[in-house]
$ cat run.txt   # compact mmCIF, C-alpha atoms and all ligand atoms
# COMPACT_ATOMS: atom_id res chain seq x y z
CA MET A 1195 -183.59 -89.91 -40.25
CA THR A 1196 -182.62 -86.86 -42.30
CA GLY A 1197 -183.10 -87.42 -45.98
CA VAL A 1198 -185.52 -90.30 -45.44
CA ARG A 1199 -189.05 -89.76 -46.66
CA MET A 1200 -192.34 -91.53 -47.04
CA SER A 1201 -192.72 -93.40 -50.36
CA THR A 1202 -193.66 -91.30 -53.38
CA ALA A 1203 -196.92 -93.20 -53.81
CA ARG A 1204 -198.11 -92.51 -50.26
CA ARG A 1205 -196.90 -88.94 -50.40
CA GLU A 1206 -198.86 -88.33 -53.58
CA LEU A 1207 -201.91 -89.98 -52.08
CA ALA A 1208 -201.67 -87.79 -48.96
CA LEU A 1209 -201.31 -84.66 -51.05
CA SER A 1210 -204.29 -85.58 -53.24
CA THR A 1211 -206.52 -86.27 -50.19
CA LYS A 1212 -208.90 -83.55 -49.06
CA GLY A 1213 -207.71 -81.90 -45.89
CA PHE A 1214 -205.63 -79.34 -44.14
CA MET A 1215 -202.10 -80.69 -43.80
CA PRO A 1216 -199.44 -78.95 -45.91
CA ALA A 1217 -196.62 -81.14 -47.26
CA ASP A 1218 -193.83 -79.71 -45.09
CA GLU A 1219 -195.91 -80.08 -41.93
CA GLY A 1220 -196.92 -83.62 -42.91
CA GLU A 1221 -193.26 -84.50 -43.25
CA ALA A 1222 -192.43 -82.92 -39.91
CA LEU A 1223 -195.29 -84.90 -38.36
CA TRP A 1224 -193.95 -88.12 -39.91
CA ASN A 1225 -190.43 -87.47 -38.62
CA ALA A 1226 -191.71 -86.64 -35.15
CA ALA A 1227 -193.81 -89.82 -35.01
CA LEU A 1228 -190.88 -92.00 -36.08
CA ALA A 1229 -188.63 -90.39 -33.48
CA ALA A 1230 -191.29 -90.83 -30.79
CA ALA A 1231 -191.69 -94.52 -31.60
CA ALA A 1232 -187.92 -94.96 -31.37
CA SER A 1233 -187.89 -93.52 -27.85
CA VAL A 1234 -191.05 -95.13 -26.43
CA HIS A 1235 -191.31 -98.86 -27.00
CA GLU A 1236 -194.55 -100.60 -27.97
CA ALA A 1237 -196.96 -97.78 -27.10
CA PRO A 1238 -199.49 -96.93 -29.83
CA MET A 1239 -200.06 -93.57 -31.50
CA LEU A 1240 -203.27 -91.56 -31.56
CA GLU A 1241 -204.59 -88.80 -33.78
CA VAL A 1242 -207.52 -86.57 -32.82
CA GLY A 1243 -209.11 -85.14 -35.98
CA SER A 1244 -208.59 -87.20 -39.15
CA TYR A 1245 -211.14 -85.68 -41.54
CA CYS A 1246 -210.54 -87.48 -44.87
CA GLY A 1247 -207.29 -89.07 -43.71
CA ARG A 1248 -204.70 -86.70 -45.12
CA SER A 1249 -202.55 -86.40 -41.96
CA THR A 1250 -203.41 -90.03 -41.20
CA VAL A 1251 -201.42 -91.20 -44.23
CA TRP A 1252 -198.21 -89.66 -42.86
CA LEU A 1253 -198.89 -90.89 -39.33
CA GLY A 1254 -200.10 -94.32 -40.48
CA ASP A 1255 -196.91 -94.75 -42.48
CA ALA A 1256 -194.82 -93.86 -39.42
CA ALA A 1257 -196.88 -96.30 -37.34
CA GLU A 1258 -196.45 -99.09 -39.87
CA ARG A 1259 -192.69 -98.54 -40.06
CA SER A 1260 -192.46 -98.67 -36.26
CA GLY A 1261 -194.74 -101.67 -35.85
CA ARG A 1262 -197.33 -99.63 -33.93
CA THR A 1263 -201.06 -99.13 -34.20
CA LEU A 1264 -202.39 -95.65 -34.92
CA PHE A 1265 -205.83 -94.86 -33.46
CA ALA A 1266 -207.63 -92.20 -35.51
CA VAL A 1267 -210.37 -90.46 -33.48
CA ASP A 1268 -213.04 -88.44 -35.30
CA HIS A 1269 -216.84 -88.28 -35.23
CA HIS A 1270 -216.57 -87.46 -38.94
CA ARG A 1271 -219.29 -84.81 -38.64
CA GLY A 1272 -216.85 -81.94 -39.11
CA SER A 1273 -215.74 -79.13 -36.87
CA GLU A 1274 -217.62 -75.84 -36.61
CA GLU A 1275 -215.40 -74.29 -39.31
CA ASN A 1276 -216.22 -77.17 -41.69
CA GLN A 1277 -220.00 -76.65 -41.57
CA ALA A 1278 -222.03 -75.03 -44.36
CA GLY A 1279 -221.49 -71.29 -44.48
CA TRP A 1280 -218.07 -71.46 -42.81
CA GLU A 1281 -214.66 -70.90 -44.34
CA HIS A 1282 -213.56 -74.54 -44.64
CA HIS A 1283 -216.82 -76.07 -45.88
CA ASP A 1284 -216.71 -78.60 -48.73
CA PRO A 1285 -220.19 -79.58 -50.04
CA GLU A 1286 -218.76 -82.86 -51.42
CA VAL A 1287 -218.44 -84.26 -47.90
CA VAL A 1288 -222.13 -83.73 -47.06
CA ASP A 1289 -224.21 -86.93 -46.97
CA PRO A 1290 -227.32 -86.11 -49.06
CA ARG A 1291 -229.50 -88.53 -47.04
CA THR A 1292 -228.92 -86.77 -43.76
CA GLY A 1293 -227.74 -83.34 -44.88
CA MET A 1294 -224.89 -83.79 -42.39
CA MET A 1295 -221.20 -83.94 -43.05
CA ASP A 1296 -219.77 -87.43 -43.22
CA THR A 1297 -216.07 -87.76 -43.94
CA LEU A 1298 -215.90 -91.42 -42.85
CA PRO A 1299 -216.35 -92.85 -46.39
CA PHE A 1300 -213.55 -90.59 -47.60
CA PHE A 1301 -211.35 -91.59 -44.68
CA ARG A 1302 -211.94 -95.29 -45.33
CA ARG A 1303 -211.17 -94.92 -49.00
CA THR A 1304 -207.93 -93.09 -48.19
CA MET A 1305 -206.80 -95.79 -45.73
CA HIS A 1306 -207.64 -98.50 -48.25
CA GLU A 1307 -205.82 -96.77 -51.11
CA ALA A 1308 -202.82 -96.13 -48.86
CA ASP A 1309 -202.82 -99.82 -47.86
CA LEU A 1310 -202.82 -98.78 -44.20
CA GLU A 1311 -205.80 -100.76 -42.94
CA SER A 1312 -203.56 -103.05 -40.87
CA SER A 1313 -201.91 -100.15 -39.05
CA VAL A 1314 -204.78 -97.70 -38.51
CA ILE A 1315 -207.88 -98.20 -36.35
CA ALA A 1316 -210.64 -95.61 -36.68
CA LEU A 1317 -212.45 -94.62 -33.51
CA VAL A 1318 -215.65 -93.01 -34.74
CA GLY A 1319 -217.19 -90.84 -32.08
CA ARG A 1320 -216.71 -87.87 -29.86
CA SER A 1321 -213.20 -87.18 -28.74
CA PRO A 1322 -213.88 -86.32 -25.06
CA GLN A 1323 -215.97 -89.47 -24.70
CA ALA A 1324 -213.20 -91.64 -26.17
CA ALA A 1325 -210.63 -89.92 -23.95
CA ALA A 1326 -212.74 -90.52 -20.85
CA THR A 1327 -212.20 -94.28 -20.92
CA TRP A 1328 -208.76 -94.35 -22.56
CA THR A 1329 -206.01 -95.80 -20.35
CA THR A 1330 -203.16 -96.86 -22.66
CA PRO A 1331 -199.96 -94.76 -22.66
CA LEU A 1332 -199.23 -93.22 -26.06
CA SER A 1333 -195.88 -92.87 -27.80
CA PHE A 1334 -197.28 -90.13 -29.99
CA LEU A 1335 -200.37 -87.91 -29.74
CA PHE A 1336 -201.42 -85.60 -32.56
CA VAL A 1337 -204.17 -83.10 -31.71
CA ASP A 1338 -205.99 -81.59 -34.70
CA GLY A 1339 -209.67 -81.92 -33.73
CA GLY A 1340 -212.19 -79.19 -32.96
CA HIS A 1341 -210.56 -75.78 -32.90
CA GLY A 1342 -213.15 -73.99 -30.78
CA GLU A 1343 -212.20 -73.04 -27.23
CA GLU A 1344 -214.14 -75.83 -25.51
CA PRO A 1345 -213.17 -78.71 -27.86
CA ALA A 1346 -209.50 -77.67 -27.72
CA ARG A 1347 -209.56 -77.48 -23.91
CA LEU A 1348 -211.27 -80.86 -23.63
CA ASP A 1349 -208.69 -82.44 -25.95
CA PHE A 1350 -205.89 -81.01 -23.83
CA GLU A 1351 -207.48 -82.29 -20.62
CA GLY A 1352 -208.60 -85.64 -22.01
CA TRP A 1353 -205.66 -86.78 -24.09
CA THR A 1354 -202.38 -85.14 -23.04
CA PRO A 1355 -202.17 -87.06 -19.71
CA HIS A 1356 -201.88 -90.24 -21.80
CA VAL A 1357 -198.63 -89.25 -23.51
CA ALA A 1358 -195.96 -91.58 -22.10
CA SER A 1359 -192.83 -90.23 -20.50
CA GLY A 1360 -190.42 -89.59 -23.40
CA GLY A 1361 -193.39 -89.55 -25.78
CA THR A 1362 -194.46 -86.74 -28.07
CA LEU A 1363 -197.37 -84.33 -28.30
CA ALA A 1364 -197.88 -82.67 -31.69
CA ILE A 1365 -200.40 -79.85 -32.06
CA HIS A 1366 -201.69 -78.44 -35.33
CA ASP A 1367 -202.90 -74.92 -36.13
CA VAL A 1368 -200.91 -73.22 -33.40
CA PHE A 1369 -200.90 -69.50 -34.17
CA PRO A 1370 -199.07 -67.32 -31.64
CA ASP A 1371 -199.97 -64.29 -33.77
CA PRO A 1372 -203.77 -63.83 -33.89
CA ALA A 1373 -203.40 -62.36 -37.40
CA ASP A 1374 -202.44 -65.86 -38.64
CA GLY A 1375 -205.44 -67.84 -37.34
CA GLY A 1376 -207.71 -68.94 -34.49
CA ARG A 1377 -206.45 -68.91 -30.90
CA PRO A 1378 -207.70 -72.08 -29.18
CA PRO A 1379 -204.99 -74.56 -30.20
CA TYR A 1380 -202.41 -72.03 -29.02
CA GLU A 1381 -204.19 -70.88 -25.87
CA GLN A 1382 -205.96 -74.08 -24.80
CA ILE A 1383 -203.39 -76.73 -25.77
CA TYR A 1384 -199.92 -75.42 -26.60
CA LEU A 1385 -199.52 -72.89 -23.76
CA PRO A 1386 -201.09 -75.09 -21.06
CA ALA A 1387 -198.86 -78.00 -22.13
CA LEU A 1388 -195.72 -75.88 -21.71
CA GLU A 1389 -197.02 -74.23 -18.52
CA SER A 1390 -197.80 -77.62 -16.99
CA GLY A 1391 -194.04 -78.25 -16.86
CA ARG A 1392 -194.67 -81.71 -18.34
CA PHE A 1393 -193.66 -80.82 -21.90
CA SER A 1394 -190.84 -78.99 -23.69
CA GLU A 1395 -190.88 -77.79 -27.27
CA VAL A 1396 -188.79 -79.78 -29.73
CA SER A 1397 -189.62 -78.18 -33.07
CA ALA A 1398 -191.95 -75.91 -35.02
CA THR A 1399 -192.90 -76.26 -38.69
CA GLY A 1400 -195.54 -73.89 -40.02
CA SER A 1401 -198.41 -74.15 -37.53
CA LEU A 1402 -197.24 -77.55 -36.24
CA ARG A 1403 -195.64 -77.67 -32.80
CA VAL A 1404 -193.87 -80.77 -31.51
CA LEU A 1405 -193.44 -81.15 -27.74
CA ARG A 1406 -191.70 -83.88 -25.78
CA ARG A 1407 -193.02 -85.18 -22.48
CA HIS A 1408 -190.50 -85.37 -19.65
N1 LIG B 1501 -205.96 -83.83 -39.64
C1 LIG B 1501 -206.85 -83.54 -40.74
C2 LIG B 1501 -207.78 -82.36 -40.48
C3 LIG B 1501 -208.69 -82.49 -39.31
S1 LIG B 1501 -210.04 -81.35 -39.37
C4 LIG B 1501 -206.06 -83.33 -42.03
O1 LIG B 1501 -204.87 -83.59 -42.06
O2 LIG B 1501 -206.63 -82.90 -43.02
C5 LIG B 1501 -210.72 -81.57 -37.78
C6 LIG B 1501 -211.50 -82.85 -37.61
O3 LIG B 1501 -211.83 -82.93 -36.21
C7 LIG B 1501 -212.82 -82.94 -38.35
O4 LIG B 1501 -212.83 -84.05 -39.20
C8 LIG B 1501 -213.90 -83.07 -37.25
O5 LIG B 1501 -214.94 -83.98 -37.56
C9 LIG B 1501 -213.09 -83.56 -36.08
N2 LIG B 1501 -213.66 -83.18 -34.78
C10 LIG B 1501 -213.94 -81.94 -34.34
N3 LIG B 1501 -214.43 -81.96 -33.09
C11 LIG B 1501 -214.46 -83.28 -32.73
C12 LIG B 1501 -214.88 -83.98 -31.55
N4 LIG B 1501 -215.35 -83.33 -30.49
N5 LIG B 1501 -214.80 -85.31 -31.54
C13 LIG B 1501 -214.32 -86.00 -32.60
N6 LIG B 1501 -213.90 -85.39 -33.74
C14 LIG B 1501 -213.97 -84.06 -33.80
MG MG B 1502 -205.28 -78.71 -38.74
$ encode --input "run.txt" --output "structure tokens" --more "lines below"
Ligand code: SAH
Ligand code: MG
Amino acid sequence: MTGVRMSTARRELALSTKGFMPADEGEALWNAALAAAASVHEAPMLEVGSYCGRSTVWLGDAAERSGRTLFAVDHHRGSEENQAGWEHHDPEVVDPRTGMMDTLPFFRRTMHEADLESSVIALVGRSPQAAATWTTPLSFLFVDGGHGEEPARLDFEGWTPHVASGGTLAIHDVFPDPADGGRPPYEQIYLPALESGRFSEVSATGSLRVLRRH
């Protein structure tokens, strides 16, 4: 798959969508999802933490190419670090009627403009609650939801058991050096996944880590 890329139109759309996925990491995510689909037949993909759909464009494209469905889990109310007064707050995603964040309209617009509505299903709600009743094995799991200690731990516990054998777990915002960013994705997801003996690291691009399940 070297040299192959997502179409220019979708790439430009992803890069013009609000969010937190740099281009090189988006491409690495896309490549990892395509490779995962090639090694695990039929199983769907799932993303935890979609925000306005930036990463979802890369993953949705990979899902479409592989004939899979991508489930995109987000309550669309923002993580702690997205709330007013925090570093990653964007007042444009606040719903003036409620005063709460609501990224769902942005997400829907992105999926429509990307022409990905037949490959992506939004699950709007709390990640641990969705995980609690989930039973379908996943070819690809991307975890980029709440980055606090508790949300990260719950995503590890709730979702990683559903990665199929031979499937892939991708984790965003993994910072082994505390000087680079927050600890929970590293301490609560990445390290426990490796320590469980169920996953081995395949690649690292920026803060993205790609692990394969045995
Ligand atoms: N992947 C996105 C960024 C995700 S930001 C991109 O490429 O830009 C993290 C997202 O996780 C936010 O949209 C937030 O609403 C969501 N989130 C945080 N905690 C959550 C939880 N417990 N349940 C569902 N979604 C959650
Ligand atoms: Mg992220």
$ residues_around --input "run.txt" --residues "range 1232-1237 of chain A" --least-positions-apart "2" --cutoff "8 Å" --atoms "only C-alpha atoms" --output "list in words"
Leu1228, Ala1229, Ala1230, Met1239, Ser1260, Gly1261, Arg1262, Thr1330, Pro1331, Leu1332, Ser1333, Ala1358, Ser1359, Gly1360 and Gly1361 of chain A
$ residues_near_ligand --input "run.txt" --ligand "ligand MG 1502 (chain B)" --cutoff "8 Å" --atoms "all atoms listed in the file" --output "list in words"
Phe1214, Met1215, Gly1243, Asp1338, Gly1339, His1366 and Asp1367 of chain A
$ atom_distance --input "run.txt" --atom1 "CA of Val1357 in chain A" --atom2 "CA of Ala1231 in chain A"
11.9 Å
$ closest_atom_pairs --input "run.txt" --of "chain A" --to "ligand LIG 1501 (chain B)" --cutoff "6 Å" --atoms "all atoms listed in the file" --output "Markdown table"
| residue | atom | partner | partner_atom | distance |
| --- | --- | --- | --- | --- |
| A:Gly1213 | CA | B:LIG1501 | O2 | 3.2 |
| A:Phe1214 | CA | B:LIG1501 | O2 | 3.9 |
| A:Met1215 | CA | B:LIG1501 | O1 | 4.4 |
| A:Gly1243 | CA | B:LIG1501 | O3 | 3.5 |
| A:Ser1244 | CA | B:LIG1501 | N1 | 4.3 |
| A:Tyr1245 | CA | B:LIG1501 | O4 | 3.3 |
| A:Arg1248 | CA | B:LIG1501 | O1 | 4.4 |
| A:Ser1249 | CA | B:LIG1501 | O1 | 3.6 |
| A:Asp1268 | CA | B:LIG1501 | N6 | 3.5 |
| A:His1269 | CA | B:LIG1501 | C13 | 4.3 |
| A:His1270 | CA | B:LIG1501 | O5 | 4.1 |
| A:Arg1271 | CA | B:LIG1501 | O5 | 4.6 |
| A:Gly1272 | CA | B:LIG1501 | O5 | 3.2 |
| A:Ser1273 | CA | B:LIG1501 | C10 | 4.2 |
| A:Gly1319 | CA | B:LIG1501 | C13 | 5.7 |
| A:Arg1320 | CA | B:LIG1501 | N5 | 3.6 |
| A:Ser1321 | CA | B:LIG1501 | N5 | 3.7 |
| A:Asp1338 | CA | B:LIG1501 | C3 | 5.4 |
| A:Gly1339 | CA | B:LIG1501 | O3 | 3.4 |
| A:Gly1340 | CA | B:LIG1501 | C10 | 3.5 |
| A:Pro1345 | CA | B:LIG1501 | N4 | 5.7 |
$ closest_residue --input "run.txt" --among "A:Glu1307, A:Glu1219, A:Gly1342, A:Ser1313" --to "Gly1400 in chain A" --atoms "all atoms listed in the file"
A:Glu1219
$ atom_distance --input "run.txt" --atom1 "CA of Ala1256 in chain A" --atom2 "CA of Leu1207 in chain A"
15.0 Å
$ closest_atom_pairs --input "run.txt" --of "range 1259-1364 of chain A" --to "range 1378-1384 of chain A" --cutoff "8 Å" --atoms "all atoms listed in the file" --output "JSON lines"
{"residue": "A:His1341", "atom": "CA", "partner": "A:Pro1378", "partner_atom": "CA", "distance": 6.0}
{"residue": "A:Gly1342", "atom": "CA", "partner": "A:Pro1378", "partner_atom": "CA", "distance": 6.0}
{"residue": "A:Glu1343", "atom": "CA", "partner": "A:Pro1378", "partner_atom": "CA", "distance": 5.0}
{"residue": "A:Ala1346", "atom": "CA", "partner": "A:Gln1382", "partner_atom": "CA", "distance": 5.8}
{"residue": "A:Arg1347", "atom": "CA", "partner": "A:Gln1382", "partner_atom": "CA", "distance": 5.0}
{"residue": "A:Asp1349", "atom": "CA", "partner": "A:Ile1383", "partner_atom": "CA", "distance": 7.8}
{"residue": "A:Phe1350", "atom": "CA", "partner": "A:Ile1383", "partner_atom": "CA", "distance": 5.3}
$ closest_residue --input "run.txt" --among "A:Gly1279, A:Asp1374, A:Arg1302, A:Glu1274" --to "Glu1344 in chain A" --atoms "all atoms listed in the file"
A:Glu1274
$ closest_residue --input "run.txt" --among "A:Leu1264, A:Cys1246, A:Met1200, A:Val1314" --to "Asp1284 in chain A" --atoms "all atoms listed in the file"
A:Cys1246
$ closest_residue --input "run.txt" --among "A:Arg1392, A:Lys1212, A:Arg1303, A:Arg1205" --to "Leu1363 in chain A" --atoms "only C-alpha atoms"
A:Arg1392
$ atom_distance --input "run.txt" --atom1 "CA of Gly1293 in chain A" --atom2 "CA of Leu1348 in chain A"
27.0 Å
$ closest_residue --input "run.txt" --among "A:Glu1275, A:Glu1389, A:Glu1311, A:Asp1296" --to "Glu1258 in chain A" --atoms "all atoms listed in the file"
A:Glu1311
$ closest_residue --input "run.txt" --among "A:Ala1364, A:Ala1226, A:Met1305, A:Ala1217" --to "Thr1250 in chain A" --atoms "only C-alpha atoms"
A:Met1305
$ residues_around --input "run.txt" --residues "Gly1352 in chain A" --least-positions-apart "6" --cutoff "7 Å" --atoms "all atoms listed in the file" --output "list in words"
Pro1322, Ala1325 and Ala1326 of chain A
